[in-house]
>>> print(open('entry.txt').read())   # compact mmCIF, N, CA and C atoms and all ligand atoms
# COMPACT_ATOMS: atom_id res chain seq x y z
N MET A 1 -141.02 4.88 -106.07
CA MET A 1 -141.65 5.60 -104.94
C MET A 1 -140.67 6.59 -104.32
N ASN A 2 -141.22 7.70 -103.86
CA ASN A 2 -140.38 8.69 -103.18
C ASN A 2 -140.40 8.40 -101.67
N TYR A 3 -139.24 8.11 -101.14
CA TYR A 3 -139.17 7.69 -99.75
C TYR A 3 -138.78 8.81 -98.78
N ARG A 4 -138.96 10.03 -99.20
CA ARG A 4 -138.57 11.14 -98.34
C ARG A 4 -139.32 11.12 -97.00
N GLU A 5 -140.61 10.81 -97.05
CA GLU A 5 -141.41 10.80 -95.81
C GLU A 5 -140.90 9.72 -94.85
N LEU A 6 -140.53 8.57 -95.43
CA LEU A 6 -140.01 7.48 -94.60
C LEU A 6 -138.63 7.85 -94.03
N ALA A 7 -137.82 8.52 -94.85
CA ALA A 7 -136.51 8.97 -94.40
C ALA A 7 -136.67 9.97 -93.24
N THR A 8 -137.61 10.86 -93.37
CA THR A 8 -137.86 11.85 -92.31
C THR A 8 -138.31 11.16 -91.03
N ALA A 9 -139.16 10.14 -91.17
CA ALA A 9 -139.65 9.41 -89.99
C ALA A 9 -138.49 8.69 -89.29
N ALA A 10 -137.54 8.15 -90.06
CA ALA A 10 -136.38 7.49 -89.45
C ALA A 10 -135.50 8.52 -88.72
N LEU A 11 -135.33 9.67 -89.33
CA LEU A 11 -134.53 10.73 -88.67
C LEU A 11 -135.20 11.21 -87.38
N GLU A 12 -136.51 11.30 -87.40
CA GLU A 12 -137.26 11.70 -86.19
C GLU A 12 -137.13 10.63 -85.11
N ALA A 13 -137.26 9.36 -85.51
CA ALA A 13 -137.16 8.25 -84.55
C ALA A 13 -135.78 8.21 -83.91
N ARG A 14 -134.77 8.59 -84.68
CA ARG A 14 -133.38 8.60 -84.16
C ARG A 14 -133.24 9.52 -82.95
N LYS A 15 -134.05 10.56 -82.92
CA LYS A 15 -133.98 11.52 -81.81
C LYS A 15 -134.33 10.87 -80.48
N LEU A 16 -135.07 9.75 -80.53
CA LEU A 16 -135.50 9.07 -79.30
C LEU A 16 -134.53 7.94 -78.89
N SER A 17 -133.46 7.76 -79.65
CA SER A 17 -132.49 6.71 -79.36
C SER A 17 -132.02 6.76 -77.90
N TYR A 18 -132.03 5.57 -77.27
CA TYR A 18 -131.46 5.45 -75.92
C TYR A 18 -130.14 4.71 -76.08
N SER A 19 -129.05 5.47 -76.17
CA SER A 19 -127.76 4.87 -76.50
C SER A 19 -126.63 5.49 -75.68
N PRO A 20 -126.76 5.43 -74.32
CA PRO A 20 -125.74 6.08 -73.47
C PRO A 20 -124.40 5.38 -73.49
N TYR A 21 -124.33 4.13 -73.98
CA TYR A 21 -123.06 3.38 -73.93
C TYR A 21 -122.27 3.53 -75.22
N SER A 22 -122.95 3.43 -76.35
CA SER A 22 -122.22 3.58 -77.63
C SER A 22 -122.25 5.02 -78.13
N ASN A 23 -123.25 5.80 -77.69
CA ASN A 23 -123.50 7.12 -78.26
C ASN A 23 -123.72 7.07 -79.77
N PHE A 24 -124.11 5.90 -80.25
CA PHE A 24 -124.45 5.75 -81.67
C PHE A 24 -125.97 5.71 -81.76
N ARG A 25 -126.52 6.74 -82.35
CA ARG A 25 -127.98 6.90 -82.34
C ARG A 25 -128.58 6.43 -83.66
N VAL A 26 -129.59 5.56 -83.54
CA VAL A 26 -130.21 5.00 -84.75
C VAL A 26 -131.73 5.12 -84.67
N GLY A 27 -132.33 5.45 -85.80
CA GLY A 27 -133.78 5.45 -85.93
C GLY A 27 -134.17 4.65 -87.15
N ALA A 28 -135.33 4.04 -87.10
CA ALA A 28 -135.82 3.27 -88.25
C ALA A 28 -137.30 3.57 -88.45
N ALA A 29 -137.71 3.47 -89.70
CA ALA A 29 -139.14 3.65 -90.03
C ALA A 29 -139.52 2.58 -91.04
N LEU A 30 -140.52 1.80 -90.66
CA LEU A 30 -140.94 0.63 -91.42
C LEU A 30 -142.29 0.93 -92.06
N LEU A 31 -142.38 0.72 -93.37
CA LEU A 31 -143.63 0.99 -94.10
C LEU A 31 -144.37 -0.31 -94.38
N THR A 32 -145.63 -0.37 -93.95
CA THR A 32 -146.44 -1.57 -94.21
C THR A 32 -147.09 -1.47 -95.59
N LYS A 33 -147.51 -2.62 -96.10
CA LYS A 33 -148.21 -2.60 -97.41
C LYS A 33 -149.49 -1.81 -97.33
N SER A 34 -150.07 -1.73 -96.11
CA SER A 34 -151.32 -0.97 -95.95
C SER A 34 -151.05 0.54 -95.80
N GLY A 35 -149.76 0.94 -95.86
CA GLY A 35 -149.44 2.36 -95.85
C GLY A 35 -149.13 2.96 -94.49
N LYS A 36 -149.07 2.11 -93.45
CA LYS A 36 -148.76 2.64 -92.11
C LYS A 36 -147.25 2.67 -91.89
N ILE A 37 -146.81 3.59 -91.06
CA ILE A 37 -145.39 3.67 -90.71
C ILE A 37 -145.22 3.34 -89.23
N PHE A 38 -144.34 2.40 -88.94
CA PHE A 38 -143.96 2.08 -87.56
C PHE A 38 -142.50 2.50 -87.37
N THR A 39 -142.24 3.24 -86.31
CA THR A 39 -140.87 3.71 -86.09
C THR A 39 -140.24 2.97 -84.90
N GLY A 40 -138.92 3.06 -84.83
CA GLY A 40 -138.20 2.48 -83.69
C GLY A 40 -136.84 3.12 -83.55
N CYS A 41 -136.26 2.97 -82.37
CA CYS A 41 -134.90 3.46 -82.14
C CYS A 41 -134.10 2.35 -81.45
N ASN A 42 -132.79 2.51 -81.41
CA ASN A 42 -132.00 1.54 -80.64
C ASN A 42 -132.16 1.82 -79.15
N VAL A 43 -132.25 0.75 -78.38
CA VAL A 43 -132.43 0.84 -76.93
C VAL A 43 -131.34 -0.02 -76.30
N GLU A 44 -130.41 0.63 -75.62
CA GLU A 44 -129.24 -0.08 -75.09
C GLU A 44 -129.42 -0.50 -73.64
N SER A 45 -128.56 -1.45 -73.23
CA SER A 45 -128.57 -1.97 -71.88
C SER A 45 -127.18 -1.86 -71.29
N ALA A 46 -127.11 -1.62 -69.99
CA ALA A 46 -125.82 -1.58 -69.29
C ALA A 46 -125.11 -2.93 -69.38
N ALA A 47 -125.88 -3.99 -69.61
CA ALA A 47 -125.29 -5.32 -69.78
C ALA A 47 -124.90 -5.57 -71.25
N PHE A 48 -125.06 -4.56 -72.08
CA PHE A 48 -124.70 -4.53 -73.50
C PHE A 48 -125.50 -5.49 -74.40
N SER A 49 -125.42 -6.81 -74.16
CA SER A 49 -126.00 -7.73 -75.15
C SER A 49 -127.53 -7.66 -75.26
N PRO A 50 -128.26 -7.26 -74.21
CA PRO A 50 -129.72 -7.14 -74.41
C PRO A 50 -130.14 -5.99 -75.32
N THR A 51 -129.22 -5.16 -75.71
CA THR A 51 -129.51 -4.01 -76.59
C THR A 51 -130.34 -4.42 -77.80
N ASN A 52 -131.29 -3.57 -78.15
CA ASN A 52 -132.09 -3.84 -79.35
C ASN A 52 -131.85 -2.74 -80.39
N CYS A 53 -131.63 -3.17 -81.62
CA CYS A 53 -131.41 -2.22 -82.71
C CYS A 53 -132.72 -1.53 -83.10
N ALA A 54 -132.57 -0.38 -83.73
CA ALA A 54 -133.73 0.40 -84.16
C ALA A 54 -134.63 -0.38 -85.12
N GLU A 55 -134.00 -1.12 -86.03
CA GLU A 55 -134.78 -1.85 -87.04
C GLU A 55 -135.67 -2.89 -86.38
N ARG A 56 -135.08 -3.63 -85.43
CA ARG A 56 -135.89 -4.66 -84.77
C ARG A 56 -136.93 -4.04 -83.85
N THR A 57 -136.63 -2.91 -83.25
CA THR A 57 -137.66 -2.24 -82.44
C THR A 57 -138.87 -1.92 -83.31
N ALA A 58 -138.61 -1.36 -84.48
CA ALA A 58 -139.73 -1.00 -85.39
C ALA A 58 -140.47 -2.25 -85.85
N LEU A 59 -139.69 -3.29 -86.19
CA LEU A 59 -140.32 -4.53 -86.68
C LEU A 59 -141.17 -5.18 -85.59
N PHE A 60 -140.65 -5.24 -84.38
CA PHE A 60 -141.39 -5.89 -83.29
C PHE A 60 -142.64 -5.08 -82.92
N LYS A 61 -142.52 -3.78 -82.98
CA LYS A 61 -143.71 -2.95 -82.73
C LYS A 61 -144.80 -3.28 -83.75
N ALA A 62 -144.40 -3.34 -85.02
CA ALA A 62 -145.38 -3.56 -86.09
C ALA A 62 -146.00 -4.95 -86.00
N VAL A 63 -145.14 -5.96 -85.86
CA VAL A 63 -145.67 -7.34 -85.84
C VAL A 63 -146.55 -7.54 -84.61
N SER A 64 -146.16 -6.94 -83.50
CA SER A 64 -146.96 -7.12 -82.27
C SER A 64 -148.28 -6.36 -82.33
N GLU A 65 -148.43 -5.53 -83.36
CA GLU A 65 -149.72 -4.86 -83.56
C GLU A 65 -150.46 -5.42 -84.77
N GLY A 66 -150.02 -6.61 -85.21
CA GLY A 66 -150.79 -7.32 -86.23
C GLY A 66 -150.32 -7.17 -87.65
N GLU A 67 -149.25 -6.40 -87.87
CA GLU A 67 -148.75 -6.19 -89.24
C GLU A 67 -147.74 -7.26 -89.61
N ARG A 68 -147.85 -7.78 -90.82
CA ARG A 68 -146.88 -8.78 -91.28
C ARG A 68 -146.40 -8.53 -92.70
N GLU A 69 -147.01 -7.55 -93.36
CA GLU A 69 -146.66 -7.32 -94.75
C GLU A 69 -146.05 -5.93 -94.90
N PHE A 70 -144.83 -5.91 -95.43
CA PHE A 70 -144.07 -4.67 -95.48
C PHE A 70 -143.55 -4.38 -96.87
N CYS A 71 -143.30 -3.08 -97.13
CA CYS A 71 -142.70 -2.68 -98.42
C CYS A 71 -141.27 -2.21 -98.24
N ALA A 72 -140.98 -1.56 -97.11
CA ALA A 72 -139.68 -0.88 -97.02
C ALA A 72 -139.34 -0.54 -95.57
N ILE A 73 -138.03 -0.36 -95.34
CA ILE A 73 -137.59 0.18 -94.05
C ILE A 73 -136.51 1.23 -94.32
N ALA A 74 -136.60 2.35 -93.62
CA ALA A 74 -135.56 3.38 -93.70
C ALA A 74 -134.79 3.38 -92.39
N VAL A 75 -133.48 3.56 -92.49
CA VAL A 75 -132.60 3.53 -91.32
C VAL A 75 -131.72 4.77 -91.32
N ALA A 76 -131.68 5.44 -90.17
CA ALA A 76 -130.81 6.62 -90.04
C ALA A 76 -129.97 6.43 -88.78
N GLY A 77 -128.66 6.29 -88.97
CA GLY A 77 -127.80 6.06 -87.81
C GLY A 77 -126.48 6.79 -87.94
N ALA A 78 -126.02 7.34 -86.84
CA ALA A 78 -124.73 8.04 -86.81
C ALA A 78 -124.38 8.32 -85.35
N PRO A 79 -123.10 8.53 -85.06
CA PRO A 79 -122.73 8.86 -83.69
C PRO A 79 -123.35 10.18 -83.25
N GLU A 80 -123.68 10.27 -81.99
CA GLU A 80 -124.20 11.52 -81.41
C GLU A 80 -123.20 12.65 -81.68
N GLY A 81 -123.69 13.72 -82.27
CA GLY A 81 -122.83 14.87 -82.54
C GLY A 81 -121.84 14.68 -83.66
N GLY A 82 -121.89 13.50 -84.33
CA GLY A 82 -120.92 13.23 -85.40
C GLY A 82 -121.48 13.53 -86.77
N GLU A 83 -120.69 13.24 -87.76
CA GLU A 83 -121.08 13.41 -89.16
C GLU A 83 -122.23 12.47 -89.52
N ALA A 84 -123.16 12.94 -90.32
CA ALA A 84 -124.20 12.04 -90.85
C ALA A 84 -123.52 10.99 -91.72
N GLN A 85 -123.99 9.77 -91.64
CA GLN A 85 -123.40 8.69 -92.44
C GLN A 85 -124.48 7.71 -92.88
N TYR A 86 -124.13 6.85 -93.81
CA TYR A 86 -125.06 5.78 -94.18
C TYR A 86 -124.86 4.65 -93.19
N CYS A 87 -125.93 4.24 -92.54
CA CYS A 87 -125.87 3.15 -91.56
C CYS A 87 -126.70 1.99 -92.09
N TYR A 88 -126.04 0.86 -92.27
CA TYR A 88 -126.72 -0.32 -92.83
C TYR A 88 -127.18 -1.25 -91.72
N PRO A 89 -128.29 -1.92 -91.90
CA PRO A 89 -128.77 -2.85 -90.86
C PRO A 89 -127.73 -3.93 -90.55
N CYS A 90 -127.59 -4.24 -89.29
CA CYS A 90 -126.64 -5.28 -88.87
C CYS A 90 -127.15 -6.66 -89.33
N GLY A 91 -126.30 -7.65 -89.20
CA GLY A 91 -126.65 -9.00 -89.65
C GLY A 91 -127.85 -9.58 -88.94
N VAL A 92 -127.94 -9.32 -87.65
CA VAL A 92 -129.09 -9.86 -86.89
C VAL A 92 -130.38 -9.22 -87.38
N CYS A 93 -130.36 -7.93 -87.65
CA CYS A 93 -131.57 -7.25 -88.15
C CYS A 93 -131.92 -7.74 -89.55
N ARG A 94 -130.91 -7.96 -90.40
CA ARG A 94 -131.20 -8.49 -91.75
C ARG A 94 -131.87 -9.86 -91.63
N GLN A 95 -131.36 -10.69 -90.73
CA GLN A 95 -131.95 -12.02 -90.55
C GLN A 95 -133.39 -11.90 -90.09
N MET A 96 -133.65 -10.98 -89.17
CA MET A 96 -135.01 -10.81 -88.64
C MET A 96 -135.94 -10.22 -89.69
N LEU A 97 -135.43 -9.27 -90.48
CA LEU A 97 -136.25 -8.71 -91.56
C LEU A 97 -136.61 -9.78 -92.58
N ALA A 98 -135.69 -10.75 -92.78
CA ALA A 98 -135.92 -11.82 -93.76
C ALA A 98 -137.14 -12.66 -93.42
N GLU A 99 -137.54 -12.61 -92.19
CA GLU A 99 -138.73 -13.33 -91.75
C GLU A 99 -139.99 -12.79 -92.43
N PHE A 100 -139.96 -11.50 -92.74
CA PHE A 100 -141.17 -10.82 -93.26
C PHE A 100 -140.95 -10.13 -94.60
N PHE A 101 -139.70 -9.84 -94.96
CA PHE A 101 -139.42 -9.09 -96.19
C PHE A 101 -139.27 -10.05 -97.37
N SER A 102 -139.84 -9.63 -98.52
CA SER A 102 -139.56 -10.37 -99.75
C SER A 102 -138.35 -9.72 -100.42
N ALA A 103 -137.85 -10.40 -101.45
CA ALA A 103 -136.61 -9.96 -102.11
C ALA A 103 -136.73 -8.52 -102.64
N ASP A 104 -137.95 -8.12 -103.06
CA ASP A 104 -138.10 -6.79 -103.65
C ASP A 104 -138.50 -5.70 -102.66
N CYS A 105 -138.54 -6.02 -101.38
CA CYS A 105 -138.73 -4.95 -100.38
C CYS A 105 -137.50 -4.04 -100.43
N GLU A 106 -137.70 -2.80 -100.03
CA GLU A 106 -136.59 -1.85 -100.15
C GLU A 106 -136.04 -1.43 -98.79
N VAL A 107 -134.74 -1.22 -98.77
CA VAL A 107 -134.04 -0.74 -97.58
C VAL A 107 -133.43 0.61 -97.96
N ILE A 108 -133.77 1.62 -97.17
CA ILE A 108 -133.30 2.98 -97.46
C ILE A 108 -132.35 3.40 -96.36
N VAL A 109 -131.11 3.67 -96.71
CA VAL A 109 -130.16 4.15 -95.70
C VAL A 109 -130.06 5.66 -95.86
N VAL A 110 -130.29 6.33 -94.73
CA VAL A 110 -130.57 7.77 -94.76
C VAL A 110 -129.45 8.57 -94.11
N ARG A 111 -128.85 9.49 -94.86
CA ARG A 111 -127.91 10.45 -94.23
C ARG A 111 -128.67 11.68 -93.76
N ASN A 112 -129.54 12.17 -94.63
CA ASN A 112 -130.42 13.28 -94.25
C ASN A 112 -131.62 13.25 -95.20
N GLU A 113 -132.51 14.21 -95.04
CA GLU A 113 -133.76 14.17 -95.81
C GLU A 113 -133.54 14.21 -97.32
N GLU A 114 -132.44 14.80 -97.74
CA GLU A 114 -132.17 14.90 -99.18
C GLU A 114 -131.21 13.83 -99.68
N ASP A 115 -130.59 13.12 -98.76
CA ASP A 115 -129.51 12.22 -99.15
C ASP A 115 -129.75 10.83 -98.57
N TYR A 116 -130.29 9.95 -99.41
CA TYR A 116 -130.51 8.56 -98.97
C TYR A 116 -130.34 7.62 -100.14
N LYS A 117 -129.96 6.38 -99.83
CA LYS A 117 -129.73 5.38 -100.87
C LYS A 117 -130.72 4.24 -100.72
N LEU A 118 -131.13 3.71 -101.87
CA LEU A 118 -132.11 2.62 -101.88
C LEU A 118 -131.46 1.31 -102.29
N TYR A 119 -131.83 0.26 -101.61
CA TYR A 119 -131.38 -1.09 -101.97
C TYR A 119 -132.58 -2.02 -101.97
N MET A 120 -132.51 -3.04 -102.80
CA MET A 120 -133.47 -4.14 -102.68
C MET A 120 -133.01 -5.01 -101.52
N PHE A 121 -133.94 -5.58 -100.79
CA PHE A 121 -133.55 -6.41 -99.65
C PHE A 121 -132.61 -7.54 -100.08
N GLU A 122 -132.87 -8.10 -101.26
CA GLU A 122 -132.02 -9.24 -101.70
C GLU A 122 -130.56 -8.84 -101.92
N GLU A 123 -130.33 -7.53 -102.17
CA GLU A 123 -128.93 -7.07 -102.32
C GLU A 123 -128.21 -7.11 -100.97
N LEU A 124 -128.95 -6.85 -99.90
CA LEU A 124 -128.33 -6.79 -98.57
C LEU A 124 -128.34 -8.14 -97.87
N PHE A 125 -129.16 -9.05 -98.38
CA PHE A 125 -129.25 -10.36 -97.71
C PHE A 125 -129.33 -11.47 -98.76
N PRO A 126 -128.27 -11.60 -99.58
CA PRO A 126 -128.31 -12.63 -100.62
C PRO A 126 -128.09 -14.01 -100.01
N HIS A 127 -128.74 -15.00 -100.57
CA HIS A 127 -128.53 -16.40 -100.15
C HIS A 127 -128.78 -16.59 -98.66
N GLY A 128 -129.70 -15.81 -98.11
CA GLY A 128 -129.97 -15.93 -96.67
C GLY A 128 -130.81 -17.16 -96.34
N PHE A 129 -130.75 -17.55 -95.11
CA PHE A 129 -131.63 -18.61 -94.62
C PHE A 129 -132.92 -17.95 -94.17
N GLY A 130 -134.04 -18.50 -94.61
CA GLY A 130 -135.31 -17.85 -94.27
C GLY A 130 -136.43 -18.84 -94.09
N PRO A 131 -137.64 -18.32 -93.87
CA PRO A 131 -138.79 -19.19 -93.59
C PRO A 131 -139.02 -20.23 -94.69
N GLY A 132 -138.72 -19.86 -95.94
CA GLY A 132 -138.91 -20.79 -97.06
C GLY A 132 -138.09 -22.05 -96.94
N ASP A 133 -136.96 -21.96 -96.26
CA ASP A 133 -136.09 -23.13 -96.11
C ASP A 133 -136.69 -24.20 -95.22
N LEU A 134 -137.68 -23.83 -94.44
CA LEU A 134 -138.28 -24.78 -93.50
C LEU A 134 -139.63 -25.31 -93.99
N THR A 135 -139.97 -24.99 -95.24
CA THR A 135 -141.34 -25.30 -95.67
C THR A 135 -141.65 -26.80 -95.64
N ASP A 136 -140.65 -27.65 -95.79
CA ASP A 136 -140.92 -29.08 -95.72
C ASP A 136 -141.22 -29.53 -94.30
N MET A 137 -140.79 -28.73 -93.35
CA MET A 137 -140.97 -29.11 -91.94
C MET A 137 -142.27 -28.60 -91.35
N TYR A 138 -142.69 -27.39 -91.82
CA TYR A 138 -143.86 -26.77 -91.19
C TYR A 138 -144.97 -26.53 -92.18
N1 LIG B 201 -127.53 -0.32 -84.14
C1 LIG B 201 -128.79 -0.22 -84.64
O1 LIG B 201 -129.72 0.20 -83.95
N2 LIG B 201 -128.99 -0.58 -85.92
C2 LIG B 201 -128.01 -0.97 -86.79
O2 LIG B 201 -128.30 -1.30 -87.92
C3 LIG B 201 -126.62 -0.97 -86.35
C4 LIG B 201 -126.41 -0.83 -84.89
C5 LIG B 201 -127.29 0.10 -82.76
C6 LIG B 201 -127.00 -0.98 -81.78
C7 LIG B 201 -126.23 -0.21 -80.72
O3 LIG B 201 -127.17 0.40 -79.84
C8 LIG B 201 -125.52 0.87 -81.48
O4 LIG B 201 -126.18 0.98 -82.73
C9 LIG B 201 -124.06 0.60 -81.71
O5 LIG B 201 -123.84 -0.64 -82.25
>>> encode(input="entry.txt", output="structure tokens")
Amino acid sequence: MNYRELATAALEARKLSYSPYSNFRVGAALLTKSGKIFTGCNVESAAFSPTNCAERTALFKAVSEGEREFCAIAVAGAPEGGEAQYCYPCGVCRQMLAEFFSADCEVIVVRNEEDYKLYMFEELFPHGFGPGDLTDMY
């Protein structure tokens, strides 16, 4: 699949980043199996720890609107006014994505519309703890 549209959506979402403390601006675009795109940006707090990453913003928006099945997420992150770079989802976001992503879902790290890299989710979150580990309990 060509993920250019998803990469563009992540770059657009990055423009809405609220990141006055780190000045690190991140946008994410999450593609559902039904073909919808949910976007998100990082939203920071003066108390720092309540900050929410772009990936989780997009995921929470989608799940709270009834979506649970996803194919891919694109992430575009870089310092304000700095060089474009590949920004990988943090550990907390990988753990949260594992709740809904299967091993073959794709993660696209976006430098710009022409320059992005694709990974399988299992490459970024190998041997993770996930919902399947609790199946005997629930
Ligand atoms: N951030 C994200 O939004 N996603 C990531 O994958 C990495 C980090 C945000 C959190 C914080 O607002 C800023 O980037 C610096 O850590």
>>> residues_around(input="entry.txt", residues="segment 63-71 of chain A", least_positions_apart="6", cutoff="8 Å", atoms="only N, CA and C atoms", output="list in words")
Leu30, Leu31, Thr32, Lys33, Ser34, Gly35, Thr57, Glu99, Phe100, Phe101, Ser102, Asp104, Cys105, Glu106 and Val107 of chain A
>>> axis_aligned_box(input="entry.txt", around="ligand LIG 201 (chain B)", padding_each_side="5 Å", output="JSON")
{"center_x": -126.8, "center_y": -0.2, "center_z": -83.9, "size_x": 15.9, "size_y": 12.3, "size_z": 18.1}
>>> residues_near_ligand(input="entry.txt", ligand="ligand LIG 201 (chain B)", cutoff="6 Å", atoms="only N, CA and C atoms and all ligand atoms", output="list in words")
Ser19, Ser22, Phe24, Arg25, Val26, Cys41, Asn42, Val43, Glu44, Thr51, Asn52, Cys53, Ala54, Glu55, Cys87, Tyr88, Pro89 and Cys90 of chain A
>>> residues_around(input="entry.txt", residues="segment 108-120 of chain A", least_positions_apart="4", cutoff="7 Å", atoms="only N, CA and C atoms", output="PyMOL selection string")
chain A and resi 4+7-8+72-77+84-88+103-104+124-125
>>> select_by_dssp(input="entry.txt", residues="segment 13-55 of chain A", states="strand (DSSP E or B)", output="JSON, numbers by chain")
{"A": [18, 24, 25, 26, 27, 28, 29, 30, 31, 32, 37, 38, 39, 40, 41, 43, 52]}
>>> atom_distance(input="entry.txt", atom1="atom CA of Gly128 of chain A", atom2="atom CA of Ala58 of chain A")
21.1 Å
>>> atom_distance(input="entry.txt", atom1="atom CA of Phe48 of chain A", atom2="atom CA of Val92 of chain A")
15.1 Å
>>> atom_distance(input="entry.txt", atom1="atom N of Glu5 of chain A", atom2="atom C of Glu80 of chain A")
23.3 Å
>>> closest_residue(input="entry.txt", among="A:Lys15, A:Ala9, A:Gly130, A:Tyr21", to="Phe38 of chain A", atoms="all atoms listed in the file")
A:Ala9
>>> closest_residue(input="entry.txt", among="A:Asn2, A:Arg56, A:Leu11, A:Pro79", to="Arg94 of chain A", atoms="all atoms listed in the file")
A:Arg56
>>> select_by_dssp(input="entry.txt", residues="segment 4-138 of chain A", states="alpha helix (DSSP H)", output="PyMOL selection string")
chain A and resi 4-14+54-63+91-97+121-124
>>> build_atoms(input="entry.txt", residues="segment 53-65 of chain A", atoms="N, CA, C and O atoms", output="compact mmCIF listing (two decimals), in the frame of the given file")
# COMPACT_ATOMS: atom_id res chain seq x y z
N CYS A 53 -131.63 -3.17 -81.62
CA CYS A 53 -131.41 -2.22 -82.71
C CYS A 53 -132.72 -1.53 -83.10
O CYS A 53 -133.82 -2.06 -82.89
N ALA A 54 -132.57 -0.38 -83.73
CA ALA A 54 -133.73 0.40 -84.16
C ALA A 54 -134.63 -0.38 -85.12
O ALA A 54 -135.86 -0.32 -85.03
N GLU A 55 -134.00 -1.12 -86.03
CA GLU A 55 -134.78 -1.85 -87.04
C GLU A 55 -135.67 -2.89 -86.38
O GLU A 55 -136.83 -3.08 -86.74
N ARG A 56 -135.08 -3.63 -85.43
CA ARG A 56 -135.89 -4.66 -84.77
C ARG A 56 -136.93 -4.04 -83.85
O ARG A 56 -138.03 -4.58 -83.70
N THR A 57 -136.63 -2.91 -83.25
CA THR A 57 -137.66 -2.24 -82.44
C THR A 57 -138.87 -1.92 -83.31
O THR A 57 -140.02 -2.22 -82.94
N ALA A 58 -138.61 -1.36 -84.48
CA ALA A 58 -139.73 -1.00 -85.39
C ALA A 58 -140.47 -2.25 -85.85
O ALA A 58 -141.70 -2.28 -85.87
N LEU A 59 -139.69 -3.29 -86.19
CA LEU A 59 -140.32 -4.53 -86.68
C LEU A 59 -141.17 -5.18 -85.59
O LEU A 59 -142.31 -5.60 -85.83
N PHE A 60 -140.65 -5.24 -84.38
CA PHE A 60 -141.39 -5.89 -83.29
C PHE A 60 -142.64 -5.08 -82.92
O PHE A 60 -143.68 -5.65 -82.60
N LYS A 61 -142.52 -3.78 -82.98
CA LYS A 61 -143.71 -2.95 -82.73
C LYS A 61 -144.80 -3.28 -83.75
O LYS A 61 -145.97 -3.47 -83.41
N ALA A 62 -144.40 -3.34 -85.02
CA ALA A 62 -145.38 -3.56 -86.09
C ALA A 62 -146.00 -4.95 -86.00
O ALA A 62 -147.23 -5.09 -86.04
N VAL A 63 -145.14 -5.96 -85.86
CA VAL A 63 -145.67 -7.34 -85.84
C VAL A 63 -146.55 -7.54 -84.61
O VAL A 63 -147.60 -8.19 -84.68
N SER A 64 -146.16 -6.94 -83.50
CA SER A 64 -146.96 -7.12 -82.27
C SER A 64 -148.28 -6.36 -82.33
O SER A 64 -149.13 -6.51 -81.46
N GLU A 65 -148.43 -5.53 -83.36
CA GLU A 65 -149.72 -4.86 -83.56
C GLU A 65 -150.46 -5.42 -84.77
O GLU A 65 -151.36 -4.80 -85.31
